Amino acid sequence: MSIKIGTGDLAKYPFLNDASDYVRETHFDFQEFNRPEMNHIIDRAAERLEREIAKGLPDEKLDKYEIEILTFLVTLIMVKSIGTEPILKKHALFEAMRAEKFLTEDLLREKSEQKKRLLLSTIFKELFKVNVDISENDNRLFKVKITDYLMRASHFHEQDWKLINRLVHKGFVYLDADETVRLIRSELSELIYNKVKSMTLSTLPEAIKTKVDELSIKFAPHHQYRRYGVRDYPPCVKHALEVMNKGENLPHSARLMLATYMLAIGKSIEEIIMLFHNAPDYNEKVTKYQIEHLAGLRGSGTKYSVPSCQKLLNQNLCFATEECNGITNPIQFGRPTMIKRQSSSSP
Amino acid sequence: MSGNKSMEKSAALLKSAFREYYFKYSKFLDIPEHLEQREFGYMPFGSGMIRHLSFRNRGDILATLIRDVPADVYCSNAYYRFPTYPMQEKQWLGADLIFDIDAKDLHLPCELSHSYFICAKCFHVSDAKSEVCNSCKSAPLNKTSIPCTKCILALKKEVKRLVAVLLDDFGIEEKSVSVYFSGNNGFHIMVSDNSFNPLNSEARSDIVSYLTGTNLKTESVGVRKGSGSPGSDFLIKFPKSGISHGWRKLIADKIGIDQASVIKLSNVVQRSGGYEGFKSELGKMAKTLGVKVDPQVTMDIHRIFRMPGTINSKSGLVKMRCNDLESFDPLNDSCLLGDKELKVNTKVSSLINFKLRGQSFRINQSNLKLPLFAAVYLICKGLVEVAI
């Protein structure tokens, strides 16, 4: 007996082609979104975006597949209509994280190996051309071809993802469910991103348009963080700010450097939180907690200092220019002592 | 003046010997797959590198070698849509996975006993290591080495270790791994497995870290940092995926544990002085057990790499495929130049001792007659010059 992707799967993974087929087969007309019974879908989509953009949290609620597929579609239409790159990137990442959660659960809890294999083949193989199989000796583990693993994990900064820290055997890397799914997060995110990018919107249903206008106003202040006198920052900090400004993901070590530097130059917690607003995974509560922790206001009370230039160099976070000559910590950048040292060493 | 003349004569001799080789032994030229997509380069005698060349077939390559007689010939491990364009415009399509194992990275105890130091300015040769030239007091001094049997054995052992990891851990088929003697003091290993070709430099760097034993975490072998006092500041928790293969097994075997040895591992960590002590010991263990490959060669996806079947101008020996590493004798099988005798003058005050093509040589005087292959070997090493 062959197992097929079911409607429950489409609710969790509405980006699958089967979900698009469903919309096509039902001859759904976009103007139907103007019907009052569709308000629930539009509100749901708007709530999802608000949760993601304003609170930095993924929406993990799961409803019937008809509702989930349409909600997914409306969020894409809304993001496209708002037309802001950081919002698109954030939504793509959160949508990927949402799918990641469901997929991990499915791989962990699903008893049927056949069903597990179907998910692996439909999502990993068909969408991203990654061959994943269930380990022969332990069905809680999955094996990924070493080259597929390297193409993805070599971008991850954590040492845990380095090949040497993995179980490697006969050309395969063995991972548990959440690690396997984490491997394709950026591709899932890219899939959503490209779906929005390739969309062409004709006339927007009035009901959606009204919601989009509301959201655009709500999100407007968050699009760009306040820029400080960036030209005075050391190049490593400037680089981190630029990455953040583009709405791209900044590694943990770079976030720590940015936050400790800003604390060291006397910025307030609130001002520093603002800097992280554009992070794709921004969550105000978590960010506040972490910055307060670094400032020594929480936990053991230890105030974290700015990492040294050597440490940043080891973490590939150093973008030293000539102006950095003679400093050992970014905090010394541009200080009079440094200028003095430079001028005294010149002939 | 006579020095210059002698150098000119030595260069002319090398050129003529190399030309004769390419004329006689074109069968050894190992033409790479995707030939027309490879970038070629060569170093003419006495001038800088010429790069961004492309050849359509074996005949084209051979014609260039016989006409121009380069000192060294290189071919990219990468293949490009437009191999002759400037680097940014070539359009990289992929690259073979390559490794370089060089005797200098093995830090063998015999190394100094057969190394010579040549002044880059006056070419004075000394057999003792020093910061500046004994003759003109300038720097730098370039090191040259005459590999001994111990070097060759150690290199072969390292190659076997690399190949074992490629086969066992990376799952590469034996037939996809080609081993070449580099033509001087090392071996080159090339993997022809298409699935590795698209890997970027970052992914290849991860492969290098795996091979060399860099950044192995204690957690990988079941030791986690705990909060106890020094000495008992650790927890034992084996990873879900186990410790039965790859590096984890290597370390487990070394310290004599398996997945069930919680108490034994705990004792090992305690004996090391706790978490930090074990971490430091693990780092040392991994470094020793790691394969000594040159990281830069593997990570560089735009490298032009010595072409198999061509002569290495550092030795006059040929970069040669080793079909059977065990029986391969680099100092015999790669030495393919003629044996017509000629007179050379030694530049070294002490005895030069070496074995080539089954003959033992002891050079300690000038105006000495040597067969061409041995004379070229020492001229390339910078230790003798043609007698005028």
# chains A, B, ... in the order shown; residues from 1 in each chain; ligands from 1
>>> residues_around(residues="segment 32-44 of chain B", least_positions_apart="3", cutoff="8 Å", atoms="only C-alpha atoms", output="list in words")
Ser47, Gly48, Met49, Ile50, Arg51, His52, Leu53, Ser54, Phe55, Arg56, Asn57, Asp68, Val69, Pro70, Ala71, Asp72, Val73, Tyr74, Cys75, Ser76, Asn77, Ala78, Tyr79, Tyr80, Arg81, Phe82, Pro83, Thr84 and Ile304 of chain B
>>> residues_around(residues="Val163 of chain B", least_positions_apart="4", cutoff="9 Å", atoms="only C-alpha atoms", output="PDB file with C-alpha atoms, in the first residue's frame")
ATOM      1  CA  GLU B 158      50.636   9.362   5.714  1.00  0.00           C
ATOM      2  CA  VAL B 159      49.139   8.830   2.246  1.00  0.00           C
ATOM      3  CA  LEU B 167      37.392   5.391   1.943  1.00  0.00           C
ATOM      4  CA  ASP B 168      36.067   4.566   5.420  1.00  0.00           C
ATOM      5  CA  GLU B 174      38.986   3.293  -4.058  1.00  0.00           C
ATOM      6  CA  VAL B 177      41.263   8.076  -5.481  1.00  0.00           C
ATOM      7  CA  VAL B 179      47.784   8.987  -5.754  1.00  0.00           C
ATOM      8  CA  ILE B 189      46.053  12.810  -3.896  1.00  0.00           C
TER       9      ILE B 189
END
>>> interface_residues(of="chain A", to="chain B", cutoff="8 Å", atoms="only C-alpha atoms", output="ChimeraX atom specification")
/A:141,146-147,150-151,154-155,159-160,162-172,174-176
>>> write_last_selection(atoms="N, CA, C and O atoms", output="PDB file, in the first residue's frame")
ATOM      1  N   LEU A 141      17.564   8.175  14.158  1.00  0.00           N
ATOM      2  CA  LEU A 141      18.632   8.928  13.488  1.00  0.00           C
ATOM      3  C   LEU A 141      18.443   8.924  11.971  1.00  0.00           C
ATOM      4  O   LEU A 141      17.859   7.993  11.418  1.00  0.00           O
ATOM      5  N   ILE A 146      27.435  13.007   2.870  1.00  0.00           N
ATOM      6  CA  ILE A 146      28.441  13.930   3.412  1.00  0.00           C
ATOM      7  C   ILE A 146      28.535  15.239   2.607  1.00  0.00           C
ATOM      8  O   ILE A 146      28.653  16.320   3.175  1.00  0.00           O
ATOM      9  N   THR A 147      28.416  15.142   1.287  1.00  0.00           N
ATOM     10  CA  THR A 147      28.547  16.352   0.463  1.00  0.00           C
ATOM     11  C   THR A 147      27.315  17.251   0.626  1.00  0.00           C
ATOM     12  O   THR A 147      27.439  18.474   0.666  1.00  0.00           O
ATOM     13  N   LEU A 150      27.897  18.980   3.943  1.00  0.00           N
ATOM     14  CA  LEU A 150      28.923  20.026   3.890  1.00  0.00           C
ATOM     15  C   LEU A 150      28.413  21.278   3.168  1.00  0.00           C
ATOM     16  O   LEU A 150      28.729  22.393   3.562  1.00  0.00           O
ATOM     17  N   MET A 151      27.643  21.069   2.101  1.00  0.00           N
ATOM     18  CA  MET A 151      27.154  22.224   1.338  1.00  0.00           C
ATOM     19  C   MET A 151      26.285  23.129   2.198  1.00  0.00           C
ATOM     20  O   MET A 151      26.166  24.305   1.927  1.00  0.00           O
ATOM     21  N   SER A 154      28.490  23.858   6.408  1.00  0.00           N
ATOM     22  CA  SER A 154      29.747  24.609   6.494  1.00  0.00           C
ATOM     23  C   SER A 154      29.484  26.104   6.659  1.00  0.00           C
ATOM     24  O   SER A 154      30.380  26.859   7.006  1.00  0.00           O
ATOM     25  N   HIS A 155      28.225  26.548   6.435  1.00  0.00           N
ATOM     26  CA  HIS A 155      27.902  27.968   6.660  1.00  0.00           C
ATOM     27  C   HIS A 155      27.549  28.242   8.124  1.00  0.00           C
ATOM     28  O   HIS A 155      27.466  29.386   8.528  1.00  0.00           O
ATOM     29  N   GLN A 159      30.567  25.337  16.419  1.00  0.00           N
ATOM     30  CA  GLN A 159      31.540  24.242  16.278  1.00  0.00           C
ATOM     31  C   GLN A 159      30.858  22.875  16.188  1.00  0.00           C
ATOM     32  O   GLN A 159      31.382  21.962  15.583  1.00  0.00           O
ATOM     33  N   ASP A 160      29.672  22.772  16.826  1.00  0.00           N
ATOM     34  CA  ASP A 160      28.958  21.481  16.809  1.00  0.00           C
ATOM     35  C   ASP A 160      28.681  20.994  15.393  1.00  0.00           C
ATOM     36  O   ASP A 160      28.564  19.803  15.156  1.00  0.00           O
ATOM     37  N   LYS A 162      30.617  21.417  12.804  1.00  0.00           N
ATOM     38  CA  LYS A 162      31.820  21.047  12.042  1.00  0.00           C
ATOM     39  C   LYS A 162      31.806  19.529  11.860  1.00  0.00           C
ATOM     40  O   LYS A 162      31.449  18.785  12.782  1.00  0.00           O
ATOM     41  N   LEU A 163      32.211  19.108  10.688  1.00  0.00           N
ATOM     42  CA  LEU A 163      32.164  17.690  10.342  1.00  0.00           C
ATOM     43  C   LEU A 163      32.842  16.822  11.399  1.00  0.00           C
ATOM     44  O   LEU A 163      32.364  15.733  11.729  1.00  0.00           O
ATOM     45  N   ILE A 164      33.943  17.338  11.947  1.00  0.00           N
ATOM     46  CA  ILE A 164      34.704  16.542  12.918  1.00  0.00           C
ATOM     47  C   ILE A 164      33.878  16.217  14.168  1.00  0.00           C
ATOM     48  O   ILE A 164      34.124  15.237  14.842  1.00  0.00           O
ATOM     49  N   ASN A 165      32.892  17.056  14.453  1.00  0.00           N
ATOM     50  CA  ASN A 165      32.071  16.817  15.639  1.00  0.00           C
ATOM     51  C   ASN A 165      30.798  16.036  15.338  1.00  0.00           C
ATOM     52  O   ASN A 165      29.849  16.041  16.123  1.00  0.00           O
ATOM     53  N   ARG A 166      30.775  15.391  14.203  1.00  0.00           N
ATOM     54  CA  ARG A 166      29.615  14.598  13.773  1.00  0.00           C
ATOM     55  C   ARG A 166      30.009  13.134  13.646  1.00  0.00           C
ATOM     56  O   ARG A 166      31.190  12.831  13.421  1.00  0.00           O
ATOM     57  N   LEU A 167      29.018  12.265  13.708  1.00  0.00           N
ATOM     58  CA  LEU A 167      29.316  10.857  13.453  1.00  0.00           C
ATOM     59  C   LEU A 167      29.334  10.681  11.942  1.00  0.00           C
ATOM     60  O   LEU A 167      28.314  10.896  11.271  1.00  0.00           O
ATOM     61  N   VAL A 168      30.495  10.339  11.417  1.00  0.00           N
ATOM     62  CA  VAL A 168      30.676  10.215   9.969  1.00  0.00           C
ATOM     63  C   VAL A 168      31.053   8.776   9.662  1.00  0.00           C
ATOM     64  O   VAL A 168      31.948   8.212  10.301  1.00  0.00           O
ATOM     65  N   HIS A 169      30.353   8.181   8.705  1.00  0.00           N
ATOM     66  CA  HIS A 169      30.683   6.795   8.360  1.00  0.00           C
ATOM     67  C   HIS A 169      30.265   6.493   6.930  1.00  0.00           C
ATOM     68  O   HIS A 169      29.127   6.753   6.546  1.00  0.00           O
ATOM     69  N   LYS A 170      31.202   5.962   6.170  1.00  0.00           N
ATOM     70  CA  LYS A 170      30.964   5.509   4.790  1.00  0.00           C
ATOM     71  C   LYS A 170      30.218   6.538   3.938  1.00  0.00           C
ATOM     72  O   LYS A 170      29.263   6.216   3.214  1.00  0.00           O
ATOM     73  N   GLY A 171      30.604   7.782   4.068  1.00  0.00           N
ATOM     74  CA  GLY A 171      30.039   8.823   3.206  1.00  0.00           C
ATOM     75  C   GLY A 171      28.766   9.455   3.720  1.00  0.00           C
ATOM     76  O   GLY A 171      28.149  10.253   3.018  1.00  0.00           O
ATOM     77  N   PHE A 172      28.357   9.104   4.943  1.00  0.00           N
ATOM     78  CA  PHE A 172      27.141   9.689   5.503  1.00  0.00           C
ATOM     79  C   PHE A 172      27.409  10.346   6.848  1.00  0.00           C
ATOM     80  O   PHE A 172      28.291   9.908   7.602  1.00  0.00           O
ATOM     81  N   TYR A 174      25.463  11.272  10.380  1.00  0.00           N
ATOM     82  CA  TYR A 174      24.275  10.827  11.123  1.00  0.00           C
ATOM     83  C   TYR A 174      23.779  11.946  12.032  1.00  0.00           C
ATOM     84  O   TYR A 174      24.550  12.496  12.822  1.00  0.00           O
ATOM     85  N   LEU A 175      22.491  12.273  11.895  1.00  0.00           N
ATOM     86  CA  LEU A 175      21.909  13.395  12.628  1.00  0.00           C
ATOM     87  C   LEU A 175      20.600  12.976  13.275  1.00  0.00           C
ATOM     88  O   LEU A 175      19.938  12.053  12.778  1.00  0.00           O
ATOM     89  N   ASP A 176      20.207  13.700  14.341  1.00  0.00           N
ATOM     90  CA  ASP A 176      18.876  13.415  14.875  1.00  0.00           C
ATOM     91  C   ASP A 176      17.857  14.281  14.118  1.00  0.00           C
ATOM     92  O   ASP A 176      18.220  15.059  13.234  1.00  0.00           O
TER      93      ASP A 176
END
>>> residues_around(residues="Lys225 of chain B", least_positions_apart="2", cutoff="7 Å", atoms="only C-alpha atoms", output="short mmCIF file (atom, residue, chain, number, x, y, z; two decimals) with C-alpha atoms, in the first residue's frame")
data_model
loop_
_atom_site.label_atom_id
_atom_site.label_comp_id
_atom_site.auth_asym_id
_atom_site.auth_seq_id
_atom_site.Cartn_x
_atom_site.Cartn_y
_atom_site.Cartn_z
CA VAL B 223 32.50 14.67 27.92
CA SER B 227 29.48 22.96 37.18
CA ASP B 233 33.59 19.79 36.61
CA PHE B 234 32.29 17.47 33.90
CA LEU B 235 29.43 15.16 32.97
CA TYR B 275 37.17 19.07 31.93
#
>>> residues_around(residues="Leu62 of chain B", least_positions_apart="6", cutoff="12 Å", atoms="only C-alpha atoms", output="list in words")
Arg19, Tyr21, Tyr22, Phe23, Lys24, Tyr25, Ser26, Lys27, Phe28, Leu29, Asp30, Ile31, Phe55, Arg56, Asp68, Val69, Pro70, Val73, Gly309 and Thr310 of chain B
>>> write_last_selection(atoms="C-alpha atoms", output="mmCIF file, in the first residue's frame")
data_model
loop_
_atom_site.group_PDB
_atom_site.id
_atom_site.type_symbol
_atom_site.label_atom_id
_atom_site.label_comp_id
_atom_site.auth_asym_id
_atom_site.auth_seq_id
_atom_site.Cartn_x
_atom_site.Cartn_y
_atom_site.Cartn_z
ATOM 1 C CA ARG B 19 62.783 18.603 -23.849
ATOM 2 C CA TYR B 21 61.910 13.778 -21.700
ATOM 3 C CA TYR B 22 58.754 15.324 -23.219
ATOM 4 C CA PHE B 23 59.830 14.047 -26.624
ATOM 5 C CA LYS B 24 60.453 10.496 -25.423
ATOM 6 C CA TYR B 25 57.889 10.007 -22.663
ATOM 7 C CA SER B 26 54.750 11.794 -23.784
ATOM 8 C CA LYS B 27 52.836 8.646 -22.777
ATOM 9 C CA PHE B 28 53.244 9.637 -19.129
ATOM 10 C CA LEU B 29 51.321 12.887 -19.600
ATOM 11 C CA ASP B 30 48.149 12.382 -17.605
ATOM 12 C CA ILE B 31 45.466 14.393 -19.380
ATOM 13 C CA PHE B 55 44.337 23.301 -24.534
ATOM 14 C CA ARG B 56 41.983 21.332 -26.732
ATOM 15 C CA ASP B 68 58.584 26.095 -24.944
ATOM 16 C CA VAL B 69 60.094 23.522 -22.530
ATOM 17 C CA PRO B 70 58.728 24.969 -19.304
ATOM 18 C CA VAL B 73 53.612 22.808 -15.792
ATOM 19 C CA GLY B 309 53.499 13.356 -16.163
ATOM 20 C CA THR B 310 55.460 16.633 -16.183
#
>>> select_by_dssp(residues="segment 143-352 of chain B", states="strand (DSSP E)", output="PyMOL selection string")
chain B and resi 143-145+177-181+186-191+223-225+234-236+304-306+311-312+317-318+320-321+341-346+352
>>> select_by_dssp(residues="segment 93-341 of chain A", states="alpha helix (DSSP H)", output="ChimeraX atom specification")
/A:93-109,113-119,128,146-153,177-182,185-197,206-219,235-245,252-264,269-275,284-294,309-314,336-341
